[in-house]
Every structure is written in structure tokens, then in C-alpha cells.
>>> print(open('data18.pdb').read())   # PDB, C-alpha atoms
MODEL        1
ATOM      1  CA  MET Z   1      -7.051  -4.141  45.931  1.00  0.00           C
ATOM      2  CA  MET Z   2     -10.621  -5.267  45.257  1.00  0.00           C
ATOM      3  CA  GLN Z   3     -12.591  -6.693  48.152  1.00  0.00           C
ATOM      4  CA  ASN Z   4     -14.283 -10.054  47.665  1.00  0.00           C
ATOM      5  CA  VAL Z   5     -17.962 -10.824  48.217  1.00  0.00           C
ATOM      6  CA  LEU Z   6     -19.764 -14.133  47.738  1.00  0.00           C
ATOM      7  CA  VAL Z   7     -23.477 -13.998  46.901  1.00  0.00           C
ATOM      8  CA  TYR Z   8     -25.373 -17.255  47.373  1.00  0.00           C
ATOM      9  CA  GLY Z   9     -28.403 -17.202  45.092  1.00  0.00           C
ATOM     10  CA  GLY Z  10     -26.655 -14.765  42.785  1.00  0.00           C
ATOM     11  CA  SER Z  11     -28.903 -15.584  39.817  1.00  0.00           C
ATOM     12  CA  GLY Z  12     -32.212 -14.904  41.568  1.00  0.00           C
ATOM     13  CA  ALA Z  13     -33.973 -11.548  41.481  1.00  0.00           C
ATOM     14  CA  LEU Z  14     -32.465 -10.203  44.717  1.00  0.00           C
ATOM     15  CA  GLY Z  15     -29.131 -11.911  44.119  1.00  0.00           C
ATOM     16  CA  ARG Z  16     -28.743 -10.367  40.672  1.00  0.00           C
ATOM     17  CA  GLN Z  17     -29.342  -6.911  42.088  1.00  0.00           C
ATOM     18  CA  ILE Z  18     -26.744  -7.479  44.816  1.00  0.00           C
ATOM     19  CA  VAL Z  19     -24.181  -8.847  42.351  1.00  0.00           C
ATOM     20  CA  SER Z  20     -24.716  -5.881  40.049  1.00  0.00           C
ATOM     21  CA  HIS Z  21     -24.482  -3.324  42.853  1.00  0.00           C
ATOM     22  CA  PHE Z  22     -21.278  -4.724  44.352  1.00  0.00           C
ATOM     23  CA  ARG Z  23     -19.676  -5.050  40.934  1.00  0.00           C
ATOM     24  CA  ARG Z  24     -20.409  -1.399  40.163  1.00  0.00           C
ATOM     25  CA  ALA Z  25     -18.795  -0.570  43.497  1.00  0.00           C
ATOM     26  CA  GLN Z  26     -15.594  -2.301  42.329  1.00  0.00           C
ATOM     27  CA  TRP Z  27     -15.890  -5.436  44.422  1.00  0.00           C
ATOM     28  CA  ALA Z  28     -14.856  -8.851  43.080  1.00  0.00           C
ATOM     29  CA  VAL Z  29     -18.073 -10.884  43.090  1.00  0.00           C
ATOM     30  CA  THR Z  30     -18.539 -14.654  43.259  1.00  0.00           C
ATOM     31  CA  SER Z  31     -22.050 -15.920  42.541  1.00  0.00           C
ATOM     32  CA  VAL Z  32     -23.298 -19.310  43.759  1.00  0.00           C
ATOM     33  CA  ASP Z  33     -26.425 -20.683  42.096  1.00  0.00           C
ATOM     34  CA  ILE Z  34     -27.758 -23.407  39.796  1.00  0.00           C
ATOM     35  CA  SER Z  35     -27.176 -21.081  36.823  1.00  0.00           C
ATOM     36  CA  PRO Z  36     -24.402 -18.546  36.170  1.00  0.00           C
ATOM     37  CA  ASN Z  37     -24.662 -14.786  36.499  1.00  0.00           C
ATOM     38  CA  SER Z  38     -22.796 -13.082  33.660  1.00  0.00           C
ATOM     39  CA  GLU Z  39     -22.138  -9.968  35.763  1.00  0.00           C
ATOM     40  CA  ALA Z  40     -20.230 -11.880  38.432  1.00  0.00           C
ATOM     41  CA  HIS Z  41     -16.452 -12.187  38.179  1.00  0.00           C
ATOM     42  CA  HIS Z  42     -16.679 -15.839  39.256  1.00  0.00           C
ATOM     43  CA  ASN Z  43     -19.515 -18.374  39.191  1.00  0.00           C
ATOM     44  CA  ILE Z  44     -19.981 -21.497  41.251  1.00  0.00           C
ATOM     45  CA  VAL Z  45     -22.669 -23.384  39.316  1.00  0.00           C
ATOM     46  CA  LEU Z  46     -24.274 -26.080  41.434  1.00  0.00           C
ATOM     47  CA  ASP Z  47     -25.311 -29.547  40.376  1.00  0.00           C
ATOM     48  CA  THR Z  48     -29.116 -29.387  40.373  1.00  0.00           C
ATOM     49  CA  GLN Z  49     -29.270 -32.986  41.592  1.00  0.00           C
ATOM     50  CA  GLN Z  50     -27.326 -32.089  44.720  1.00  0.00           C
ATOM     51  CA  SER Z  51     -28.321 -28.481  45.404  1.00  0.00           C
ATOM     52  CA  SER Z  52     -30.944 -29.486  48.001  1.00  0.00           C
ATOM     53  CA  ARG Z  53     -28.721 -32.026  49.804  1.00  0.00           C
ATOM     54  CA  LEU Z  54     -26.923 -30.206  52.577  1.00  0.00           C
ATOM     55  CA  GLN Z  55     -23.629 -32.077  52.927  1.00  0.00           C
ATOM     56  CA  MET Z  56     -23.099 -32.744  49.222  1.00  0.00           C
ATOM     57  CA  CYS Z  57     -23.987 -29.188  48.271  1.00  0.00           C
ATOM     58  CA  GLY Z  58     -21.849 -27.677  51.026  1.00  0.00           C
ATOM     59  CA  GLU Z  59     -18.847 -29.751  50.011  1.00  0.00           C
ATOM     60  CA  GLU Z  60     -19.400 -28.882  46.349  1.00  0.00           C
ATOM     61  CA  VAL Z  61     -19.451 -25.140  47.064  1.00  0.00           C
ATOM     62  CA  GLN Z  62     -16.357 -25.389  49.231  1.00  0.00           C
ATOM     63  CA  GLN Z  63     -14.371 -27.357  46.662  1.00  0.00           C
ATOM     64  CA  LYS Z  64     -15.332 -25.065  43.792  1.00  0.00           C
ATOM     65  CA  LEU Z  65     -14.426 -22.012  45.864  1.00  0.00           C
ATOM     66  CA  TYR Z  66     -10.931 -23.475  46.342  1.00  0.00           C
ATOM     67  CA  GLN Z  67     -10.631 -24.095  42.616  1.00  0.00           C
ATOM     68  CA  LEU Z  68     -11.777 -20.603  41.649  1.00  0.00           C
ATOM     69  CA  HIS Z  69      -9.302 -18.848  43.904  1.00  0.00           C
ATOM     70  CA  ASN Z  70      -6.545 -21.443  43.550  1.00  0.00           C
ATOM     71  CA  THR Z  71      -5.980 -21.503  47.304  1.00  0.00           C
ATOM     72  CA  LYS Z  72      -7.242 -23.357  50.364  1.00  0.00           C
ATOM     73  CA  GLN Z  73      -7.777 -20.088  52.218  1.00  0.00           C
ATOM     74  CA  PRO Z  74      -9.603 -17.594  49.991  1.00  0.00           C
ATOM     75  CA  LYS Z  75     -10.679 -14.612  52.071  1.00  0.00           C
ATOM     76  CA  LEU Z  76     -13.997 -12.859  51.686  1.00  0.00           C
ATOM     77  CA  ALA Z  77     -15.009  -9.494  53.112  1.00  0.00           C
ATOM     78  CA  ALA Z  78     -18.700 -10.369  52.889  1.00  0.00           C
ATOM     79  CA  ILE Z  79     -20.914 -13.420  52.382  1.00  0.00           C
ATOM     80  CA  ILE Z  80     -24.550 -12.759  51.516  1.00  0.00           C
ATOM     81  CA  ASN Z  81     -27.243 -15.394  51.145  1.00  0.00           C
ATOM     82  CA  ALA Z  82     -29.946 -14.060  48.818  1.00  0.00           C
ATOM     83  CA  ALA Z  83     -31.396 -17.483  47.974  1.00  0.00           C
ATOM     84  CA  GLY Z  84     -34.962 -18.301  48.908  1.00  0.00           C
ATOM     85  CA  GLY Z  85     -38.480 -18.842  47.720  1.00  0.00           C
ATOM     86  CA  TRP Z  86     -42.051 -18.954  48.942  1.00  0.00           C
ATOM     87  CA  ALA Z  87     -44.723 -21.601  49.305  1.00  0.00           C
ATOM     88  CA  GLY Z  88     -47.899 -21.269  51.348  1.00  0.00           C
ATOM     89  CA  GLY Z  89     -50.100 -23.808  53.046  1.00  0.00           C
ATOM     90  CA  SER Z  90     -51.561 -24.723  56.425  1.00  0.00           C
ATOM     91  CA  LEU Z  91     -51.113 -27.924  58.406  1.00  0.00           C
ATOM     92  CA  ALA Z  92     -54.111 -29.344  56.541  1.00  0.00           C
ATOM     93  CA  ASP Z  93     -52.554 -28.727  53.136  1.00  0.00           C
ATOM     94  CA  ALA Z  94     -51.992 -31.866  51.051  1.00  0.00           C
ATOM     95  CA  ASP Z  95     -48.627 -30.481  49.897  1.00  0.00           C
ATOM     96  CA  LEU Z  96     -47.367 -29.573  53.391  1.00  0.00           C
ATOM     97  CA  TYR Z  97     -44.437 -31.995  53.428  1.00  0.00           C
ATOM     98  CA  ARG Z  98     -43.277 -31.251  49.900  1.00  0.00           C
ATOM     99  CA  ASN Z  99     -43.550 -27.482  50.296  1.00  0.00           C
ATOM    100  CA  SER Z 100     -41.865 -27.488  53.701  1.00  0.00           C
ATOM    101  CA  GLU Z 101     -38.967 -29.565  52.395  1.00  0.00           C
ATOM    102  CA  LEU Z 102     -38.580 -27.106  49.516  1.00  0.00           C
ATOM    103  CA  MET Z 103     -38.570 -24.123  51.891  1.00  0.00           C
ATOM    104  CA  PHE Z 104     -35.912 -25.695  54.088  1.00  0.00           C
ATOM    105  CA  SER Z 105     -33.797 -26.458  51.025  1.00  0.00           C
ATOM    106  CA  GLN Z 106     -34.061 -22.930  49.660  1.00  0.00           C
ATOM    107  CA  SER Z 107     -33.582 -21.028  52.921  1.00  0.00           C
ATOM    108  CA  VAL Z 108     -32.028 -23.173  55.663  1.00  0.00           C
ATOM    109  CA  THR Z 109     -29.620 -25.241  53.555  1.00  0.00           C
ATOM    110  CA  THR Z 110     -28.299 -22.186  51.727  1.00  0.00           C
ATOM    111  CA  SER Z 111     -27.996 -20.158  54.941  1.00  0.00           C
ATOM    112  CA  LEU Z 112     -26.136 -22.903  56.794  1.00  0.00           C
ATOM    113  CA  ILE Z 113     -23.695 -23.355  53.898  1.00  0.00           C
ATOM    114  CA  SER Z 114     -23.158 -19.585  53.823  1.00  0.00           C
ATOM    115  CA  ALA Z 115     -22.479 -19.556  57.576  1.00  0.00           C
ATOM    116  CA  LYS Z 116     -20.035 -22.452  57.265  1.00  0.00           C
ATOM    117  CA  LEU Z 117     -18.220 -20.624  54.465  1.00  0.00           C
ATOM    118  CA  ALA Z 118     -18.056 -17.588  56.738  1.00  0.00           C
ATOM    119  CA  ALA Z 119     -16.420 -19.655  59.479  1.00  0.00           C
ATOM    120  CA  ASN Z 120     -13.788 -20.830  57.000  1.00  0.00           C
ATOM    121  CA  HIS Z 121     -13.256 -17.807  54.765  1.00  0.00           C
ATOM    122  CA  LEU Z 122     -14.669 -14.581  56.167  1.00  0.00           C
ATOM    123  CA  GLU Z 123     -12.077 -11.931  56.924  1.00  0.00           C
ATOM    124  CA  SER Z 124     -11.719 -10.587  60.446  1.00  0.00           C
ATOM    125  CA  GLY Z 125     -14.300  -7.836  60.657  1.00  0.00           C
ATOM    126  CA  GLY Z 126     -16.272  -9.244  57.712  1.00  0.00           C
ATOM    127  CA  LEU Z 127     -20.036  -9.445  57.224  1.00  0.00           C
ATOM    128  CA  LEU Z 128     -22.362 -12.455  57.020  1.00  0.00           C
ATOM    129  CA  ALA Z 129     -25.883 -11.506  55.902  1.00  0.00           C
ATOM    130  CA  LEU Z 130     -28.779 -13.971  55.678  1.00  0.00           C
ATOM    131  CA  VAL Z 131     -32.322 -13.327  54.475  1.00  0.00           C
ATOM    132  CA  GLY Z 132     -35.147 -14.190  56.850  1.00  0.00           C
ATOM    133  CA  ALA Z 133     -38.676 -12.783  56.728  1.00  0.00           C
ATOM    134  CA  ALA Z 134     -40.751 -10.297  58.699  1.00  0.00           C
ATOM    135  CA  GLY Z 135     -43.686 -12.669  58.319  1.00  0.00           C
ATOM    136  CA  ALA Z 136     -41.857 -15.395  60.247  1.00  0.00           C
ATOM    137  CA  VAL Z 137     -41.578 -13.376  63.453  1.00  0.00           C
ATOM    138  CA  ASP Z 138     -45.187 -14.127  64.484  1.00  0.00           C
ATOM    139  CA  PRO Z 139     -47.372 -17.254  64.038  1.00  0.00           C
ATOM    140  CA  THR Z 140     -48.215 -17.678  60.393  1.00  0.00           C
ATOM    141  CA  PRO Z 141     -52.040 -17.721  60.640  1.00  0.00           C
ATOM    142  CA  ALA Z 142     -51.880 -14.195  62.073  1.00  0.00           C
ATOM    143  CA  VAL Z 143     -50.032 -12.763  59.090  1.00  0.00           C
ATOM    144  CA  CYS Z 144     -50.973 -14.813  56.053  1.00  0.00           C
ATOM    145  CA  LEU Z 145     -53.936 -16.947  55.077  1.00  0.00           C
ATOM    146  CA  PRO Z 146     -54.176 -19.809  54.390  1.00  0.00           C
ATOM    147  CA  GLY Z 147     -50.917 -19.957  56.270  1.00  0.00           C
ATOM    148  CA  MET Z 148     -47.282 -20.496  55.402  1.00  0.00           C
ATOM    149  CA  VAL Z 149     -46.129 -23.033  57.942  1.00  0.00           C
ATOM    150  CA  GLY Z 150     -43.160 -24.461  56.031  1.00  0.00           C
ATOM    151  CA  TYR Z 151     -41.963 -21.034  54.928  1.00  0.00           C
ATOM    152  CA  GLY Z 152     -42.316 -19.604  58.435  1.00  0.00           C
ATOM    153  CA  MET Z 153     -40.449 -22.509  60.042  1.00  0.00           C
ATOM    154  CA  ALA Z 154     -37.594 -22.200  57.548  1.00  0.00           C
ATOM    155  CA  LYS Z 155     -37.222 -18.451  57.974  1.00  0.00           C
ATOM    156  CA  ALA Z 156     -37.459 -18.729  61.777  1.00  0.00           C
ATOM    157  CA  ALA Z 157     -34.566 -21.179  61.612  1.00  0.00           C
ATOM    158  CA  VAL Z 158     -32.575 -18.592  59.646  1.00  0.00           C
ATOM    159  CA  HIS Z 159     -33.277 -16.022  62.378  1.00  0.00           C
ATOM    160  CA  HIS Z 160     -31.963 -18.478  64.971  1.00  0.00           C
ATOM    161  CA  LEU Z 161     -28.857 -19.111  62.877  1.00  0.00           C
ATOM    162  CA  VAL Z 162     -28.113 -15.383  62.641  1.00  0.00           C
ATOM    163  CA  ARG Z 163     -28.274 -14.917  66.397  1.00  0.00           C
ATOM    164  CA  SER Z 164     -26.281 -18.072  67.026  1.00  0.00           C
ATOM    165  CA  ALA Z 165     -23.574 -17.008  64.551  1.00  0.00           C
ATOM    166  CA  ALA Z 166     -23.300 -13.658  66.345  1.00  0.00           C
ATOM    167  CA  THR Z 167     -22.476 -15.191  69.726  1.00  0.00           C
ATOM    168  CA  PRO Z 168     -18.894 -15.630  71.027  1.00  0.00           C
ATOM    169  CA  GLY Z 169     -17.489 -19.036  70.149  1.00  0.00           C
ATOM    170  CA  SER Z 170     -19.777 -19.502  67.129  1.00  0.00           C
ATOM    171  CA  GLY Z 171     -16.818 -20.183  64.851  1.00  0.00           C
ATOM    172  CA  LEU Z 172     -16.926 -16.895  62.948  1.00  0.00           C
ATOM    173  CA  PRO Z 173     -13.693 -14.875  62.858  1.00  0.00           C
ATOM    174  CA  ALA Z 174     -12.926 -12.079  65.291  1.00  0.00           C
ATOM    175  CA  ASP Z 175     -14.893  -8.852  64.962  1.00  0.00           C
ATOM    176  CA  SER Z 176     -17.086 -10.242  62.177  1.00  0.00           C
ATOM    177  CA  LYS Z 177     -20.804  -9.523  62.160  1.00  0.00           C
ATOM    178  CA  ALA Z 178     -23.798 -11.717  61.390  1.00  0.00           C
ATOM    179  CA  ILE Z 179     -27.079 -10.022  60.515  1.00  0.00           C
ATOM    180  CA  GLY Z 180     -30.494 -10.996  59.217  1.00  0.00           C
ATOM    181  CA  LEU Z 181     -32.640  -9.147  56.704  1.00  0.00           C
ATOM    182  CA  LEU Z 182     -36.388  -9.509  57.272  1.00  0.00           C
ATOM    183  CA  PRO Z 183     -38.234  -8.046  54.278  1.00  0.00           C
ATOM    184  CA  THR Z 184     -41.988  -7.578  54.339  1.00  0.00           C
ATOM    185  CA  MET Z 185     -42.551  -7.683  50.579  1.00  0.00           C
ATOM    186  CA  LEU Z 186     -39.898  -7.431  47.875  1.00  0.00           C
ATOM    187  CA  ASP Z 187     -40.605  -5.773  44.560  1.00  0.00           C
ATOM    188  CA  THR Z 188     -39.596  -8.641  42.290  1.00  0.00           C
ATOM    189  CA  PRO Z 189     -40.825  -9.671  38.837  1.00  0.00           C
ATOM    190  CA  GLY Z 190     -42.144 -12.886  40.365  1.00  0.00           C
ATOM    191  CA  ASN Z 191     -44.210 -11.075  42.987  1.00  0.00           C
ATOM    192  CA  ARG Z 192     -45.597  -8.650  40.401  1.00  0.00           C
ATOM    193  CA  SER Z 193     -46.565 -11.556  38.169  1.00  0.00           C
ATOM    194  CA  ALA Z 194     -48.223 -13.446  41.025  1.00  0.00           C
ATOM    195  CA  MET Z 195     -50.090 -10.369  42.326  1.00  0.00           C
ATOM    196  CA  PRO Z 196     -50.792  -8.199  39.278  1.00  0.00           C
ATOM    197  CA  ASN Z 197     -53.464  -6.122  41.028  1.00  0.00           C
ATOM    198  CA  ALA Z 198     -51.586  -5.493  44.272  1.00  0.00           C
ATOM    199  CA  ASP Z 199     -50.700  -2.050  45.588  1.00  0.00           C
ATOM    200  CA  THR Z 200     -46.908  -2.076  45.251  1.00  0.00           C
ATOM    201  CA  ALA Z 201     -46.302   1.243  47.019  1.00  0.00           C
ATOM    202  CA  SER Z 202     -45.139  -0.575  50.152  1.00  0.00           C
ATOM    203  CA  TRP Z 203     -42.999  -3.138  48.324  1.00  0.00           C
ATOM    204  CA  THR Z 204     -39.269  -2.755  48.849  1.00  0.00           C
ATOM    205  CA  PRO Z 205     -37.147  -2.110  45.735  1.00  0.00           C
ATOM    206  CA  LEU Z 206     -34.300  -4.612  45.447  1.00  0.00           C
ATOM    207  CA  GLU Z 207     -31.784  -1.852  44.754  1.00  0.00           C
ATOM    208  CA  GLN Z 208     -32.384  -0.348  48.195  1.00  0.00           C
ATOM    209  CA  ILE Z 209     -31.526  -3.648  49.883  1.00  0.00           C
ATOM    210  CA  ALA Z 210     -28.411  -4.052  47.734  1.00  0.00           C
ATOM    211  CA  GLU Z 211     -27.316  -0.511  48.567  1.00  0.00           C
ATOM    212  CA  GLN Z 212     -27.740  -1.043  52.309  1.00  0.00           C
ATOM    213  CA  LEU Z 213     -25.849  -4.350  52.200  1.00  0.00           C
ATOM    214  CA  TRP Z 214     -23.000  -2.623  50.387  1.00  0.00           C
ATOM    215  CA  ARG Z 215     -22.955   0.168  52.976  1.00  0.00           C
ATOM    216  CA  TRP Z 216     -22.723  -2.355  55.809  1.00  0.00           C
ATOM    217  CA  ALA Z 217     -20.090  -4.469  54.056  1.00  0.00           C
ATOM    218  CA  SER Z 218     -18.039  -1.358  53.239  1.00  0.00           C
ATOM    219  CA  LYS Z 219     -18.434  -0.132  56.846  1.00  0.00           C
ATOM    220  CA  LYS Z 220     -19.980   3.112  55.672  1.00  0.00           C
ATOM    221  CA  ASP Z 221     -22.857   2.218  58.012  1.00  0.00           C
ATOM    222  CA  ASN Z 222     -22.468   0.237  61.212  1.00  0.00           C
ATOM    223  CA  ALA Z 223     -24.307  -3.077  61.316  1.00  0.00           C
ATOM    224  CA  THR Z 224     -25.275  -4.428  64.744  1.00  0.00           C
ATOM    225  CA  ASN Z 225     -23.976  -7.928  65.276  1.00  0.00           C
ATOM    226  CA  GLY Z 226     -26.832 -10.395  65.669  1.00  0.00           C
ATOM    227  CA  ALA Z 227     -29.490  -7.908  64.591  1.00  0.00           C
ATOM    228  CA  LEU Z 228     -32.551  -8.940  62.621  1.00  0.00           C
ATOM    229  CA  TYR Z 229     -33.443  -5.945  60.459  1.00  0.00           C
ATOM    230  CA  LYS Z 230     -37.132  -5.674  59.648  1.00  0.00           C
ATOM    231  CA  ILE Z 231     -37.432  -3.965  56.265  1.00  0.00           C
ATOM    232  CA  THR Z 232     -40.421  -1.745  55.503  1.00  0.00           C
ATOM    233  CA  THR Z 233     -41.080   0.746  52.723  1.00  0.00           C
ATOM    234  CA  THR Z 234     -43.401   3.732  53.120  1.00  0.00           C
ATOM    235  CA  ASN Z 235     -43.740   6.722  50.800  1.00  0.00           C
ATOM    236  CA  ALA Z 236     -40.784   5.476  48.731  1.00  0.00           C
ATOM    237  CA  GLN Z 237     -38.580   5.429  51.839  1.00  0.00           C
ATOM    238  CA  THR Z 238     -37.143   2.107  53.018  1.00  0.00           C
ATOM    239  CA  HIS Z 239     -36.350   1.575  56.670  1.00  0.00           C
ATOM    240  CA  PHE Z 240     -34.168  -1.076  58.328  1.00  0.00           C
ATOM    241  CA  GLU Z 241     -35.258  -1.531  61.948  1.00  0.00           C
ATOM    242  CA  ALA Z 242     -33.399  -3.881  64.277  1.00  0.00           C
ATOM    243  CA  ILE Z 243     -35.885  -6.026  66.203  1.00  0.00           C
TER     244      ILE Z 243
ENDMDL
END
>>> encode(input="data18.pdb", output="C-alpha cells")
Amino acid sequence: MMQNVLVYGGSGALGRQIVSHFRRAQWAVTSVDISPNSEAHHNIVLDTQQSSRLQMCGEEVQQKLYQLHNTKQPKLAAIINAAGGWAGGSLADADLYRNSELMFSQSVTTSLISAKLAANHLESGGLLALVGAAGAVDPTPAVCLPGMVGYGMAKAAVHHLVRSAATPGSGLPADSKAIGLLPTMLDTPGNRSAMPNADTASWTPLEQIAEQLWRWASKKDNATNGALYKITTTNAQTHFEAI
């Protein structure tokens, strides 16, 4: 019997790689995004007018998940939130409010909906994985100029959610695990386009993240509940260090 995984942000660069990897591994994949992913077995396509509104979007995802699986209790072995984005700016930036609201929509809203779905539908022993950021561990002026206040706040909130979800009484099912992925720099088409002259040797290939997620979800590797895994790539080797 095929195991079920839900990938939030399944049509983004990282999400597409995760969907593809799990499908090749014979998992049944549900993608959640504002556009469909043709590789997924099932697609939950969100209303773009509601995708940033937490309650409406959460209820929409939940209802469409029921409809797809024709049951009120679909069970998922893994839920992965690969949605996100980036916007910079300091406290003096004219676009601070707009960019911060966008970052919260792309990272916090999607992560909270994923965690709520996990409380309702994750199998006992299942995996919830949310994407944070290595750059949000320390104050933003120290790691990126001219700053990334909204982005850092949003990703720090995701880190808090991971650790909260991992605690007893969080609402997640027995023996499940919640983890955070904290990449330093992902090797995506968008990043290559934005930084055409950058040295990409230390950028993490998306396939390596998808492979590690599959290994954790399949229990081939043991994930530590509540861990935030800082992801670094050196000499073509990618490391996942719990911090």
C-alpha cells in the first residue's frame, strides 16, 4: 500500500523537487499550491484571493483534502511545507510593512496550516517538516545587509512552531515528529537568476533536501523530534546539523 505525503508549496522550486522525489519512491503525493503540479497524484489548488488569509485558506485546504480522499479522516505519513519566499529590507525600508506581511503569508500561514493538518491527519509516528532559515537564527543585520527583518521574523516564528509542535500535548499524534529545515542558500532557478555572478559551490541542491526528507519520512534515517537542522553544503557534500 502506498504511503501518503502532502507537500504544501508543491509547485515551487523546492516543492516540485520533493513531489518528484516522493513520487519516484512510490508514495502517493498531494500538492497544495496556487497552481497544480502535474507530477502529483492529487492537487489542492488554492484560491489566490484567499491564499494569504489564514482561516479561509486553512479551511479551504481542509475541505479540499476531505473531497480528494472522500473521507473525513484521510491519513498522511508525512506533511512537508516547502512554501516560502524572500524579501529584504531594514526597519527604515519604505516597503517594510508590505514585505513583512508577504513573508508571514508565505512562511507562517503555510506552516501553521501544515501543522494543523498534521494534528488532524498525520499518522502515529508520522513526520511534519517545516522550512525555516539558517539566516533567521541570529539578528538579521549580522547576516544580511541591508537586512531582512520581515523574512527573519517569519522564519523565527516557524522555528518556534516546530519546537512547540514537538512538545507533549501539542496536538500532534503519538510518536510523530516535527522538524525544521534551515537552509543557508538553496540552488534554485530564482536564486541563480537573481545572483548570476555568485559562487554557487556552497548552494544546496534541491534534490539533496528531497532525498533527506524522504529518508526521514521512510524512517531510513532517524529524525530528532523538535530539531532544527541547519543545512550547509561544502565540496558537493550537504550536511544536516541539528542546532
>>> residues_around(input="data18.pdb", residues="Arg215 in chain Z", least_positions_apart="5", cutoff="12 Å", atoms="only C-alpha atoms", output="ChimeraX atom specification")
/Z:18,21-22,25,78,127,208-210,220-223
>>> write_last_selection(input="data18.pdb", atoms="C-alpha atoms", output="mmCIF file, in the coordinates of the input")
data_model
loop_
_atom_site.group_PDB
_atom_site.id
_atom_site.type_symbol
_atom_site.label_atom_id
_atom_site.label_comp_id
_atom_site.auth_asym_id
_atom_site.auth_seq_id
_atom_site.Cartn_x
_atom_site.Cartn_y
_atom_site.Cartn_z
ATOM 1 C CA ILE Z 18 -26.744 -7.479 44.816
ATOM 2 C CA HIS Z 21 -24.482 -3.324 42.853
ATOM 3 C CA PHE Z 22 -21.278 -4.724 44.352
ATOM 4 C CA ALA Z 25 -18.795 -0.570 43.497
ATOM 5 C CA ALA Z 78 -18.700 -10.369 52.889
ATOM 6 C CA LEU Z 127 -20.036 -9.445 57.224
ATOM 7 C CA GLN Z 208 -32.384 -0.348 48.195
ATOM 8 C CA ILE Z 209 -31.526 -3.648 49.883
ATOM 9 C CA ALA Z 210 -28.411 -4.052 47.734
ATOM 10 C CA LYS Z 220 -19.980 3.112 55.672
ATOM 11 C CA ASP Z 221 -22.857 2.218 58.012
ATOM 12 C CA ASN Z 222 -22.468 0.237 61.212
ATOM 13 C CA ALA Z 223 -24.307 -3.077 61.316
#
>>> resolve_selection(input="data18.pdb", expression="the PyMOL selection byres ((chain Z and resi 160) around 12)", output="compact mmCIF listing (two decimals) with C-alpha atoms, in the coordinates of the input")
# COMPACT_ATOMS: atom_id res chain seq x y z
CA VAL Z 108 -32.03 -23.17 55.66
CA SER Z 111 -28.00 -20.16 54.94
CA LEU Z 112 -26.14 -22.90 56.79
CA LEU Z 130 -28.78 -13.97 55.68
CA VAL Z 131 -32.32 -13.33 54.48
CA GLY Z 132 -35.15 -14.19 56.85
CA ALA Z 136 -41.86 -15.40 60.25
CA VAL Z 137 -41.58 -13.38 63.45
CA MET Z 153 -40.45 -22.51 60.04
CA ALA Z 154 -37.59 -22.20 57.55
CA LYS Z 155 -37.22 -18.45 57.97
CA ALA Z 156 -37.46 -18.73 61.78
CA ALA Z 157 -34.57 -21.18 61.61
CA VAL Z 158 -32.58 -18.59 59.65
CA HIS Z 159 -33.28 -16.02 62.38
CA LEU Z 161 -28.86 -19.11 62.88
CA VAL Z 162 -28.11 -15.38 62.64
CA ARG Z 163 -28.27 -14.92 66.40
CA SER Z 164 -26.28 -18.07 67.03
CA ALA Z 165 -23.57 -17.01 64.55
CA ALA Z 166 -23.30 -13.66 66.34
CA THR Z 167 -22.48 -15.19 69.73
CA ALA Z 178 -23.80 -11.72 61.39
CA ILE Z 179 -27.08 -10.02 60.52
CA GLY Z 180 -30.49 -11.00 59.22
CA GLY Z 226 -26.83 -10.40 65.67
CA ALA Z 227 -29.49 -7.91 64.59
CA LEU Z 228 -32.55 -8.94 62.62
>>> atom_distance(input="data18.pdb", atom1="CA of Ala129 in chain Z", atom2="CA of Val7 in chain Z")
9.6 Å
>>> residues_around(input="data18.pdb", residues="Leu117 in chain Z", least_positions_apart="2", cutoff="9 Å", atoms="only C-alpha atoms", output="list in words")
Gly58, Val61, Gln62, Ile79, Leu112, Ile113, Ser114, Ala115, Ala119, Asn120, His121 and Leu122 of chain Z
>>> axis_aligned_box(input="data18.pdb", around="range 15-32 of chain Z", padding_each_side="8 Å", output="lines of an AutoDock Vina configuration file")
center_x = -22.1
center_y = -9.9
center_z = 42.4
size_x = 30.5
size_y = 34.7
size_z = 20.8
>>> residues_around(input="data18.pdb", residues="Ala133 in chain Z", least_positions_apart="4", cutoff="7 Å", atoms="only C-alpha atoms", output="list in words")
Lys155, Leu182, Pro183 and Thr184 of chain Z
>>> closest_residue(input="data18.pdb", among="Z:Ala118, Z:Ala198, Z:Leu46, Z:Ile243", to="Leu6 in chain Z", atoms="all atoms listed in the file")
Z:Ala118
>>> atom_distance(input="data18.pdb", atom1="CA of Gly150 in chain Z", atom2="CA of Leu102 in chain Z")
8.4 Å
>>> atom_distance(input="data18.pdb", atom1="CA of Thr200 in chain Z", atom2="CA of Gln17 in chain Z")
18.5 Å
>>> closest_residue(input="data18.pdb", among="Z:Ser35, Z:Gly125, Z:Gly152, Z:Ala28", to="Ala87 in chain Z", atoms="only C-alpha atoms")
Z:Gly152
>>> residues_near_point(input="data18.pdb", point="(-29.7, -17.7, 48.0)", cutoff="9 Å", atoms="only C-alpha atoms", output="mmCIF file with C-alpha atoms, keeping the file's coordinate frame")
data_model
loop_
_atom_site.group_PDB
_atom_site.id
_atom_site.type_symbol
_atom_site.label_atom_id
_atom_site.label_comp_id
_atom_site.auth_asym_id
_atom_site.auth_seq_id
_atom_site.Cartn_x
_atom_site.Cartn_y
_atom_site.Cartn_z
ATOM 1 C CA VAL Z 7 -23.477 -13.998 46.901
ATOM 2 C CA TYR Z 8 -25.373 -17.255 47.373
ATOM 3 C CA GLY Z 9 -28.403 -17.202 45.092
ATOM 4 C CA GLY Z 10 -26.655 -14.765 42.785
ATOM 5 C CA SER Z 11 -28.903 -15.584 39.817
ATOM 6 C CA GLY Z 12 -32.212 -14.904 41.568
ATOM 7 C CA LEU Z 14 -32.465 -10.203 44.717
ATOM 8 C CA GLY Z 15 -29.131 -11.911 44.119
ATOM 9 C CA VAL Z 32 -23.298 -19.310 43.759
ATOM 10 C CA ASP Z 33 -26.425 -20.683 42.096
ATOM 11 C CA ILE Z 80 -24.550 -12.759 51.516
ATOM 12 C CA ASN Z 81 -27.243 -15.394 51.145
ATOM 13 C CA ALA Z 82 -29.946 -14.060 48.818
ATOM 14 C CA ALA Z 83 -31.396 -17.483 47.974
ATOM 15 C CA GLY Z 84 -34.962 -18.301 48.908
ATOM 16 C CA GLY Z 85 -38.480 -18.842 47.720
ATOM 17 C CA GLN Z 106 -34.061 -22.930 49.660
ATOM 18 C CA SER Z 107 -33.582 -21.028 52.921
ATOM 19 C CA THR Z 110 -28.299 -22.186 51.727
ATOM 20 C CA SER Z 111 -27.996 -20.158 54.941
ATOM 21 C CA SER Z 114 -23.158 -19.585 53.823
ATOM 22 C CA LEU Z 130 -28.779 -13.971 55.678
ATOM 23 C CA VAL Z 131 -32.322 -13.327 54.475
#
>>> closest_residue(input="data18.pdb", among="Z:Thr188, Z:Asn99, Z:Ser124, Z:Thr109", to="Leu172 in chain Z", atoms="all atoms listed in the file")
Z:Ser124
>>> closest_residue(input="data18.pdb", among="Z:Pro205, Z:Gln63, Z:Thr71, Z:Pro36", to="Arg192 in chain Z", atoms="only C-alpha atoms")
Z:Pro205
>>> residues_around(input="data18.pdb", residues="Leu68 in chain Z", least_positions_apart="2", cutoff="10 Å", atoms="only C-alpha atoms", output="ChimeraX atom specification")
/Z:30,42-44,63-66,70-71,74
>>> closest_residue(input="data18.pdb", among="Z:Trp214, Z:Gly126, Z:Pro196, Z:Trp86", to="Gln26 in chain Z", atoms="only C-alpha atoms")
Z:Trp214
